[in-house]
file input_20.txt (compact mmCIF, C-alpha atoms)
# COMPACT_ATOMS: atom_id res chain seq x y z
CA MET X 1 -43.82 -39.23 40.64
CA ASN X 2 -43.01 -40.21 37.07
CA ILE X 3 -39.24 -40.61 36.97
CA SER X 4 -36.97 -43.31 35.57
CA VAL X 5 -34.06 -45.19 37.09
CA LYS X 6 -31.74 -43.56 34.54
CA GLU X 7 -32.96 -40.07 35.46
CA VAL X 8 -32.39 -40.64 39.18
CA ALA X 9 -28.96 -42.19 38.59
CA ALA X 10 -28.01 -39.06 36.64
CA MET X 11 -28.75 -36.98 39.77
CA VAL X 12 -26.42 -38.94 42.03
CA ASP X 13 -23.03 -37.67 43.18
CA HIS X 14 -21.51 -41.02 44.22
CA THR X 15 -19.64 -40.15 47.39
CA ASN X 16 -16.59 -41.28 49.33
CA LEU X 17 -15.23 -38.58 51.63
CA LYS X 18 -13.78 -40.86 54.29
CA ALA X 19 -10.39 -40.01 55.77
CA TYR X 20 -9.17 -43.60 55.29
CA ALA X 21 -10.23 -44.01 51.64
CA THR X 22 -7.50 -45.64 49.54
CA ARG X 23 -6.76 -45.92 45.84
CA ASP X 24 -8.74 -49.16 45.75
CA ASP X 25 -11.75 -47.39 47.26
CA PHE X 26 -11.55 -44.66 44.62
CA ARG X 27 -11.21 -47.25 41.86
CA LYS X 28 -14.34 -48.91 43.23
CA ILE X 29 -16.52 -45.78 43.30
CA CYS X 30 -15.35 -44.76 39.83
CA ASP X 31 -16.20 -48.18 38.42
CA GLU X 32 -19.58 -48.14 40.16
CA ALA X 33 -20.37 -44.65 38.90
CA ILE X 34 -19.63 -45.76 35.32
CA VAL X 35 -21.78 -48.91 35.61
CA TYR X 36 -24.75 -47.15 37.20
CA GLY X 37 -24.60 -43.95 35.18
CA PHE X 38 -24.14 -41.63 38.15
CA LYS X 39 -23.53 -37.94 37.53
CA SER X 40 -20.23 -37.71 39.37
CA VAL X 41 -17.93 -39.08 41.99
CA ALA X 42 -17.69 -36.77 45.02
CA ILE X 43 -14.30 -36.93 46.71
CA ASN X 44 -11.86 -34.82 48.69
CA THR X 45 -9.35 -32.77 46.73
CA TYR X 46 -6.30 -35.03 47.07
CA PRO X 47 -7.63 -37.89 44.84
CA VAL X 48 -9.04 -35.59 42.14
CA LYS X 49 -6.26 -36.21 39.60
CA MET X 50 -6.39 -39.96 40.22
CA CYS X 51 -10.17 -40.19 39.78
CA ARG X 52 -10.16 -37.95 36.71
CA GLU X 53 -7.71 -40.37 35.09
CA MET X 54 -9.84 -43.37 36.15
CA LEU X 55 -12.93 -41.75 34.60
CA GLU X 56 -11.23 -40.62 31.39
CA GLY X 57 -13.43 -41.25 28.36
CA THR X 58 -16.64 -41.63 30.40
CA LYS X 59 -19.52 -39.25 31.08
CA VAL X 60 -18.99 -39.36 34.86
CA LEU X 61 -17.71 -36.08 36.29
CA THR X 62 -14.95 -35.73 38.87
CA GLY X 63 -16.21 -33.59 41.75
CA ALA X 64 -14.22 -32.12 44.62
CA ALA X 65 -15.13 -31.12 48.17
CA VAL X 66 -13.50 -27.81 49.14
CA GLY X 67 -13.14 -26.53 52.71
CA PHE X 68 -14.43 -29.87 53.86
CA PRO X 69 -16.08 -30.68 56.19
CA LEU X 70 -16.06 -27.66 58.52
CA GLY X 71 -15.66 -24.63 56.25
CA GLN X 72 -13.60 -22.90 58.95
CA MET X 73 -10.81 -21.50 56.85
CA THR X 74 -10.23 -18.20 55.12
CA ILE X 75 -11.75 -17.28 51.79
CA GLU X 76 -8.24 -17.23 50.35
CA ALA X 77 -7.56 -20.77 51.54
CA LYS X 78 -10.78 -22.05 50.00
CA VAL X 79 -10.03 -20.29 46.73
CA ALA X 80 -6.54 -21.82 46.68
CA GLU X 81 -7.93 -25.30 47.31
CA ALA X 82 -10.58 -24.88 44.61
CA GLU X 83 -7.99 -23.64 42.12
CA ASP X 84 -5.73 -26.58 42.97
CA ALA X 85 -8.62 -28.99 42.37
CA VAL X 86 -9.30 -27.32 39.02
CA ARG X 87 -5.64 -27.70 38.01
CA ASN X 88 -5.85 -31.39 38.91
CA GLY X 89 -8.91 -31.88 36.72
CA CYS X 90 -12.04 -31.45 38.83
CA GLN X 91 -15.13 -30.74 36.76
CA GLU X 92 -17.21 -29.35 39.62
CA PHE X 93 -16.71 -28.58 43.29
CA ASP X 94 -18.79 -28.27 46.45
CA TYR X 95 -17.48 -25.88 49.10
CA VAL X 96 -18.57 -25.48 52.71
CA CYS X 97 -19.59 -21.95 53.61
CA ASN X 98 -18.30 -20.42 56.84
CA VAL X 99 -21.14 -21.52 59.10
CA GLY X 100 -19.83 -19.46 62.01
CA LYS X 101 -20.12 -16.32 59.91
CA VAL X 102 -23.71 -17.27 59.07
CA LYS X 103 -24.43 -17.69 62.79
CA GLU X 104 -22.92 -14.22 63.38
CA HIS X 105 -25.20 -12.92 60.61
CA ASP X 106 -22.15 -11.55 58.81
CA TYR X 107 -23.86 -11.92 55.46
CA ASP X 108 -21.46 -9.53 53.71
CA TYR X 109 -18.68 -12.03 54.46
CA ILE X 110 -20.79 -14.93 53.16
CA GLU X 111 -21.50 -13.02 49.94
CA ARG X 112 -17.80 -12.22 49.45
CA GLU X 113 -16.94 -15.86 50.02
CA MET X 114 -19.63 -17.09 47.66
CA THR X 115 -18.61 -14.61 44.99
CA ALA X 116 -14.95 -15.62 45.24
CA LEU X 117 -15.61 -19.36 44.99
CA THR X 118 -18.22 -19.00 42.26
CA SER X 119 -15.72 -16.90 40.31
CA VAL X 120 -13.20 -19.77 40.42
CA ALA X 121 -15.81 -22.04 38.89
CA ARG X 122 -16.81 -19.50 36.25
CA ARG X 123 -13.21 -19.01 35.13
CA ALA X 124 -12.87 -22.77 34.74
CA ALA X 125 -16.34 -23.16 33.16
CA ILE X 126 -17.34 -25.72 35.79
CA CYS X 127 -20.11 -26.14 38.37
CA CYS X 128 -19.99 -24.63 41.88
CA LYS X 129 -22.16 -25.87 44.77
CA VAL X 130 -22.45 -24.04 48.11
CA ILE X 131 -22.92 -26.21 51.19
CA PHE X 132 -25.03 -24.51 53.89
CA GLU X 133 -24.84 -27.23 56.61
CA THR X 134 -28.49 -26.60 57.42
CA CYS X 135 -28.51 -28.65 60.64
CA TYR X 136 -26.77 -25.74 62.37
CA LEU X 137 -28.92 -22.96 60.90
CA THR X 138 -32.28 -21.45 61.73
CA GLU X 139 -34.92 -21.12 59.03
CA GLU X 140 -34.20 -17.39 58.82
CA GLU X 141 -30.47 -18.02 58.35
CA ILE X 142 -31.13 -20.56 55.58
CA ILE X 143 -33.34 -17.99 53.84
CA GLU X 144 -30.70 -15.25 54.07
CA VAL X 145 -27.93 -17.44 52.60
CA ALA X 146 -30.30 -18.64 49.87
CA LYS X 147 -31.07 -15.00 49.03
CA ILE X 148 -27.36 -14.33 48.67
CA ALA X 149 -27.17 -17.28 46.29
CA SER X 150 -30.01 -15.80 44.27
CA ARG X 151 -27.78 -12.77 43.64
CA VAL X 152 -24.39 -14.47 43.24
CA LYS X 153 -25.82 -17.40 41.25
CA PRO X 154 -23.66 -20.41 42.02
CA ASP X 155 -24.98 -23.44 40.15
CA PHE X 156 -26.31 -25.17 43.27
CA VAL X 157 -27.02 -24.64 46.91
CA LYS X 158 -26.55 -27.80 48.97
CA THR X 159 -28.00 -28.82 52.31
CA SER X 160 -25.25 -30.66 54.13
CA THR X 161 -21.80 -32.22 54.27
CA GLY X 162 -23.05 -35.44 55.84
CA PHE X 163 -20.63 -34.77 58.70
CA GLY X 164 -22.93 -32.51 60.74
CA THR X 165 -25.47 -33.42 63.40
CA ALA X 166 -28.14 -34.07 60.76
CA GLY X 167 -28.48 -34.23 57.00
CA ALA X 168 -30.97 -33.11 54.39
CA THR X 169 -34.67 -32.66 55.02
CA PRO X 170 -37.38 -32.09 52.41
CA GLU X 171 -38.40 -28.95 54.30
CA HIS X 172 -34.94 -27.42 54.00
CA VAL X 173 -34.69 -28.40 50.33
CA ALA X 174 -38.02 -26.67 49.62
CA LEU X 175 -36.96 -23.57 51.57
CA MET X 176 -33.68 -23.30 49.69
CA LYS X 177 -35.42 -23.84 46.38
CA LYS X 178 -37.93 -21.10 47.15
CA TYR X 179 -35.40 -18.41 48.05
CA ALA X 180 -32.36 -19.27 45.89
CA GLY X 181 -34.22 -18.37 42.71
CA GLU X 182 -34.85 -20.01 39.38
CA ASP X 183 -31.20 -19.86 38.29
CA VAL X 184 -29.89 -21.88 41.24
CA GLN X 185 -30.57 -25.59 41.71
CA VAL X 186 -30.65 -27.52 44.99
CA LYS X 187 -28.53 -30.51 45.97
CA ALA X 188 -29.72 -32.63 48.88
CA ALA X 189 -27.04 -34.51 50.80
CA GLY X 190 -26.63 -36.19 54.15
CA GLY X 191 -28.62 -39.20 55.33
CA ILE X 192 -30.13 -40.12 51.95
CA ARG X 193 -29.90 -43.89 52.18
CA SER X 194 -33.09 -45.19 50.52
CA TRP X 195 -35.28 -44.60 47.48
CA GLU X 196 -38.01 -43.32 49.82
CA ALA X 197 -35.66 -40.65 51.18
CA ALA X 198 -34.32 -39.76 47.73
CA LYS X 199 -37.85 -39.48 46.33
CA ALA X 200 -38.84 -37.08 49.11
CA MET X 201 -35.88 -34.82 48.29
CA ILE X 202 -36.66 -34.83 44.57
CA GLU X 203 -40.31 -34.04 45.23
CA ALA X 204 -39.18 -31.11 47.42
CA GLY X 205 -37.15 -29.69 44.53
CA ALA X 206 -33.68 -31.30 44.62
CA THR X 207 -32.10 -31.99 41.25
CA ARG X 208 -28.88 -33.52 42.61
CA LEU X 209 -28.38 -36.06 45.40
CA GLY X 210 -25.16 -36.50 47.36
CA THR X 211 -25.04 -40.01 48.78
CA SER X 212 -22.85 -43.04 49.34
CA SER X 213 -26.02 -45.18 48.98
CA GLY X 214 -26.64 -44.54 45.30
CA ILE X 215 -26.45 -48.21 44.37
CA LYS X 216 -28.92 -49.16 47.11
CA ILE X 217 -31.31 -46.42 45.93
CA ILE X 218 -31.19 -47.59 42.32
CA GLU X 219 -31.63 -51.26 43.27
CA GLU X 220 -34.64 -50.35 45.45
CA MET X 221 -36.18 -48.54 42.50
CA LYS X 222 -35.68 -51.58 40.29
CA ALA X 223 -37.13 -53.87 42.95
CA ALA X 224 -40.21 -51.62 43.06
CA GLY X 225 -40.70 -52.14 39.33
CA ILE X 226 -39.50 -48.69 38.29
CA LYS X 227 -37.81 -48.79 34.87
call {"tool": "encode", "arguments": {"input": "input_20.txt", "output": "structure tokens"}}
result
Amino acid sequence: MNISVKEVAAMVDHTNLKAYATRDDFRKICDEAIVYGFKSVAINTYPVKMCREMLEGTKVLTGAAVGFPLGQMTIEAKVAEAEDAVRNGCQEFDYVCNVGKVKEHDYDYIEREMTALTSVARRAAICCKVIFETCYLTEEEIIEVAKIASRVKPDFVKTSTGFGTAGATPEHVALMKKYAGEDVQVKAAGGIRSWEAAKAMIEAGATRLGTSSGIKIIEEMKAAGIK
């Protein structure tokens, strides 16, 4: 695969979603994202304003995780959290779909939820990513939610929170890419801790990578002689 270090860095959402993350931790990931040229920092909604201020004047986006990590709240609650993150300066957000509703095959609910959250992003002219949490879904369920995305057209569909029983797989990335349509990109997240793993996701069709191992991935690429 012919891809540069700079191109891969620009796919990385540099992530810290830990419950015990402090201001110093957020300062650290913001500084690292600037140095390495990562696409964004991916954080919970509370530190959004803080990180946006830390990243002021840079090209690094401030991303927010909405309904994280379980997705088990009402559509209205997720919309309120997303709108709050927008007010505090987030430039994109990833929300967790209601996985229980997917398991019930209540796809009308999932479409209403996706439409509501995507509408928040559209009003703010920012990016919306829908987290499927694929480790809990059958192939058929992944396909059905991806088909909904092909109609609603969020910017991305995303494999995982990183808090489930498993993370991204190339097979799930490819499946989501196939059924979400040309207008929707795929973000792979969860368990991507090496250049080998990142490369497999990119080859499967991912154009964004959610990982707390972005620095390790970039340094592995450099060590392999990739420019």
call {"tool": "residues_around", "arguments": {"input": "input_20.txt", "residues": "Asp155 in chain X", "least_positions_apart": "6", "cutoff": "6 Å", "atoms": "only C-alpha atoms", "output": "list in words"}}
result
Cys127, Cys128, Lys129 and Val184 of chain X
call {"tool": "residues_around", "arguments": {"input": "input_20.txt", "residues": "range 201-203 of chain X", "least_positions_apart": "3", "cutoff": "10 Å", "atoms": "all atoms listed in the file", "output": "list of chain:residue names"}}
result
X:Met1, X:Ile3, X:Val8, X:Met11, X:Ala168, X:Thr169, X:Pro170, X:Glu171, X:His172, X:Val173, X:Ala174, X:Val186, X:Lys187, X:Ala188, X:Ala189, X:Ile192, X:Trp195, X:Glu196, X:Ala197, X:Ala198, X:Ala206, X:Thr207, X:Arg208, X:Leu209
call {"tool": "residues_around", "arguments": {"input": "input_20.txt", "residues": "range 39-52 of chain X", "least_positions_apart": "6", "cutoff": "6 Å", "atoms": "only C-alpha atoms", "output": "number ranges by chain"}}
result
X: 10-17, 60-65, 85, 88-89
call {"tool": "residues_near_point", "arguments": {"input": "input_20.txt", "point": "(-29.8, -23.8, 54.2)", "cutoff": "9 Å", "atoms": "only C-alpha atoms", "output": "list in words"}}
result
Ile131, Phe132, Glu133, Thr134, Cys135, Tyr136, Leu137, Thr138, Glu139, Glu141, Ile142, Ile143, Glu144, Val145, Ala146, Val157, Lys158, Thr159, Ser160, His172, Val173, Leu175 and Met176 of chain X
call {"tool": "closest_residue", "arguments": {"input": "input_20.txt", "among": "X:Val120, X:Met114, X:Leu70, X:Ile218", "to": "Asp84 in chain X", "atoms": "only C-alpha atoms"}}
result
X:Val120
call {"tool": "atom_distance", "arguments": {"input": "input_20.txt", "atom1": "CA of Ile34 in chain X", "atom2": "CA of Gly67 in chain X"}}
result
26.7 Å
call {"tool": "atom_distance", "arguments": {"input": "input_20.txt", "atom1": "CA of Arg87 in chain X", "atom2": "CA of Ile75 in chain X"}}
result
18.3 Å
call {"tool": "atom_distance", "arguments": {"input": "input_20.txt", "atom1": "CA of Ser150 in chain X", "atom2": "CA of Val99 in chain X"}}
result
18.2 Å
call {"tool": "axis_aligned_box", "arguments": {"input": "input_20.txt", "around": "range 151-154 of chain X", "padding_each_side": "3 Å", "output": "lines of an AutoDock Vina configuration file"}}
result
center_x = -25.7
center_y = -16.6
center_z = 42.4
size_x = 10.1
size_y = 13.6
size_z = 8.4
call {"tool": "residues_around", "arguments": {"input": "input_20.txt", "residues": "Ala116 in chain X", "least_positions_apart": "2", "cutoff": "10 Å", "atoms": "only C-alpha atoms", "output": "PyMOL selection string"}}
result
chain X and resi 75-76+78-79+110-114+118-122+152
call {"tool": "closest_residue", "arguments": {"input": "input_20.txt", "among": "X:Ala149, X:Glu92, X:Leu117, X:Glu140", "to": "His105 in chain X", "atoms": "all atoms listed in the file"}}
result
X:Glu140
call {"tool": "closest_residue", "arguments": {"input": "input_20.txt", "among": "X:Lys28, X:Thr165, X:Gly205, X:Val102", "to": "Lys177 in chain X", "atoms": "all atoms listed in the file"}}
result
X:Gly205
call {"tool": "decode", "arguments": {"input": "input_20.txt", "residues": "range 69-118 of chain X", "atoms": "N, CA and C atoms", "output": "tab-separated table (two decimals), in the first residue's frame"}}
result
chain	number	residue	atom	x	y	z
X	69	PRO	N	-20.14	5.21	27.03
X	69	PRO	CA	-19.83	4.29	25.94
X	69	PRO	C	-20.96	3.32	25.59
X	70	LEU	N	-22.11	3.41	26.28
X	70	LEU	CA	-23.14	2.38	26.14
X	70	LEU	C	-24.22	2.71	25.13
X	71	GLY	N	-24.51	4.00	24.93
X	71	GLY	CA	-25.58	4.38	24.01
X	71	GLY	C	-26.98	4.15	24.54
X	72	GLN	N	-27.10	3.79	25.82
X	72	GLN	CA	-28.40	3.44	26.40
X	72	GLN	C	-29.05	4.65	27.06
X	73	MET	N	-29.32	5.65	26.26
X	73	MET	CA	-30.12	6.77	26.73
X	73	MET	C	-31.05	7.18	25.61
X	74	THR	N	-31.98	8.06	25.92
X	74	THR	CA	-32.98	8.44	24.93
X	74	THR	C	-32.36	9.25	23.80
X	75	ILE	N	-33.08	9.30	22.69
X	75	ILE	CA	-32.65	10.15	21.58
X	75	ILE	C	-32.52	11.59	22.05
X	76	GLU	N	-33.48	12.03	22.83
X	76	GLU	CA	-33.48	13.41	23.31
X	76	GLU	C	-32.25	13.71	24.16
X	77	ALA	N	-31.85	12.76	24.98
X	77	ALA	CA	-30.66	12.95	25.82
X	77	ALA	C	-29.40	13.04	24.97
X	78	LYS	N	-29.32	12.20	23.95
X	78	LYS	CA	-28.15	12.25	23.06
X	78	LYS	C	-28.10	13.56	22.28
X	79	VAL	N	-29.25	13.99	21.81
X	79	VAL	CA	-29.31	15.27	21.09
X	79	VAL	C	-28.87	16.40	22.01
X	80	ALA	N	-29.34	16.40	23.25
X	80	ALA	CA	-28.97	17.45	24.20
X	80	ALA	C	-27.47	17.45	24.46
X	81	GLU	N	-26.89	16.26	24.61
X	81	GLU	CA	-25.44	16.18	24.85
X	81	GLU	C	-24.66	16.67	23.63
X	82	ALA	N	-25.10	16.27	22.44
X	82	ALA	CA	-24.44	16.71	21.22
X	82	ALA	C	-24.53	18.23	21.07
X	83	GLU	N	-25.69	18.79	21.34
X	83	GLU	CA	-25.86	20.24	21.23
X	83	GLU	C	-25.00	20.98	22.26
X	84	ASP	N	-24.88	20.41	23.45
X	84	ASP	CA	-24.02	20.99	24.48
X	84	ASP	C	-22.56	20.97	24.02
X	85	ALA	N	-22.13	19.86	23.43
X	85	ALA	CA	-20.76	19.76	22.93
X	85	ALA	C	-20.51	20.78	21.82
X	86	VAL	N	-21.50	20.98	20.96
X	86	VAL	CA	-21.38	21.98	19.90
X	86	VAL	C	-21.23	23.38	20.51
X	87	ARG	N	-22.04	23.69	21.49
X	87	ARG	CA	-21.94	25.01	22.15
X	87	ARG	C	-20.57	25.22	22.77
X	88	ASN	N	-19.97	24.14	23.25
X	88	ASN	CA	-18.66	24.24	23.89
X	88	ASN	C	-17.50	24.18	22.90
X	89	GLY	N	-17.83	24.01	21.60
X	89	GLY	CA	-16.79	24.13	20.59
X	89	GLY	C	-16.36	22.86	19.89
X	90	CYS	N	-17.09	21.76	20.05
X	90	CYS	CA	-16.66	20.55	19.34
X	90	CYS	C	-16.82	20.77	17.83
X	91	GLN	N	-15.93	20.16	17.08
X	91	GLN	CA	-15.93	20.31	15.62
X	91	GLN	C	-16.34	19.03	14.92
X	92	GLU	N	-16.58	17.99	15.68
X	92	GLU	CA	-17.18	16.75	15.20
X	92	GLU	C	-17.57	15.94	16.43
X	93	PHE	N	-18.50	14.99	16.24
X	93	PHE	CA	-18.83	14.12	17.37
X	93	PHE	C	-19.14	12.71	16.88
X	94	ASP	N	-18.85	11.75	17.74
X	94	ASP	CA	-19.14	10.34	17.52
X	94	ASP	C	-20.20	9.93	18.55
X	95	TYR	N	-21.33	9.41	18.11
X	95	TYR	CA	-22.34	8.98	19.08
X	95	TYR	C	-22.55	7.48	18.98
X	96	VAL	N	-22.90	6.88	20.13
X	96	VAL	CA	-23.14	5.44	20.19
X	96	VAL	C	-24.61	5.18	19.92
X	97	CYS	N	-24.89	4.38	18.91
X	97	CYS	CA	-26.29	4.04	18.62
X	97	CYS	C	-26.84	3.16	19.74
X	98	ASN	N	-28.14	3.06	19.82
X	98	ASN	CA	-28.79	2.22	20.82
X	98	ASN	C	-28.69	0.76	20.38
X	99	VAL	N	-27.67	0.10	20.89
X	99	VAL	CA	-27.37	-1.27	20.44
X	99	VAL	C	-28.52	-2.22	20.78
X	100	GLY	N	-29.17	-1.99	21.92
X	100	GLY	CA	-30.31	-2.84	22.28
X	100	GLY	C	-31.42	-2.76	21.25
X	101	LYS	N	-31.66	-1.55	20.72
X	101	LYS	CA	-32.68	-1.40	19.69
X	101	LYS	C	-32.26	-2.11	18.39
X	102	VAL	N	-30.98	-2.12	18.11
X	102	VAL	CA	-30.51	-2.89	16.94
X	102	VAL	C	-30.78	-4.37	17.17
X	103	LYS	N	-30.48	-4.86	18.38
X	103	LYS	CA	-30.69	-6.27	18.68
X	103	LYS	C	-32.18	-6.64	18.64
X	104	GLU	N	-33.06	-5.67	18.94
X	104	GLU	CA	-34.50	-5.90	18.82
X	104	GLU	C	-34.99	-5.79	17.37
X	105	HIS	N	-34.09	-5.36	16.51
X	105	HIS	CA	-34.41	-5.11	15.09
X	105	HIS	C	-35.45	-3.99	14.95
X	106	ASP	N	-35.38	-3.03	15.86
X	106	ASP	CA	-36.24	-1.85	15.79
X	106	ASP	C	-35.51	-0.80	14.95
X	107	TYR	N	-35.46	-1.06	13.65
X	107	TYR	CA	-34.65	-0.21	12.77
X	107	TYR	C	-35.29	1.15	12.52
X	108	ASP	N	-36.59	1.26	12.72
X	108	ASP	CA	-37.23	2.58	12.64
X	108	ASP	C	-36.68	3.50	13.73
X	109	TYR	N	-36.51	2.94	14.94
X	109	TYR	CA	-35.94	3.72	16.04
X	109	TYR	C	-34.51	4.16	15.70
X	110	ILE	N	-33.72	3.22	15.19
X	110	ILE	CA	-32.32	3.53	14.85
X	110	ILE	C	-32.25	4.62	13.78
X	111	GLU	N	-33.18	4.58	12.82
X	111	GLU	CA	-33.19	5.62	11.79
X	111	GLU	C	-33.60	6.97	12.37
X	112	ARG	N	-34.58	6.98	13.27
X	112	ARG	CA	-34.96	8.24	13.92
X	112	ARG	C	-33.80	8.82	14.72
X	113	GLU	N	-33.13	7.95	15.44
X	113	GLU	CA	-31.99	8.38	16.24
X	113	GLU	C	-30.87	8.94	15.35
X	114	MET	N	-30.55	8.22	14.30
X	114	MET	CA	-29.50	8.65	13.39
X	114	MET	C	-29.85	9.97	12.71
X	115	THR	N	-31.10	10.10	12.33
X	115	THR	CA	-31.55	11.34	11.69
X	115	THR	C	-31.44	12.52	12.65
X	116	ALA	N	-31.84	12.31	13.90
X	116	ALA	CA	-31.80	13.39	14.89
X	116	ALA	C	-30.37	13.83	15.18
X	117	LEU	N	-29.46	12.89	15.35
X	117	LEU	CA	-28.08	13.25	15.67
X	117	LEU	C	-27.36	13.84	14.46
X	118	THR	N	-27.63	13.28	13.28
X	118	THR	CA	-27.02	13.84	12.07
X	118	THR	C	-27.52	15.26	11.84
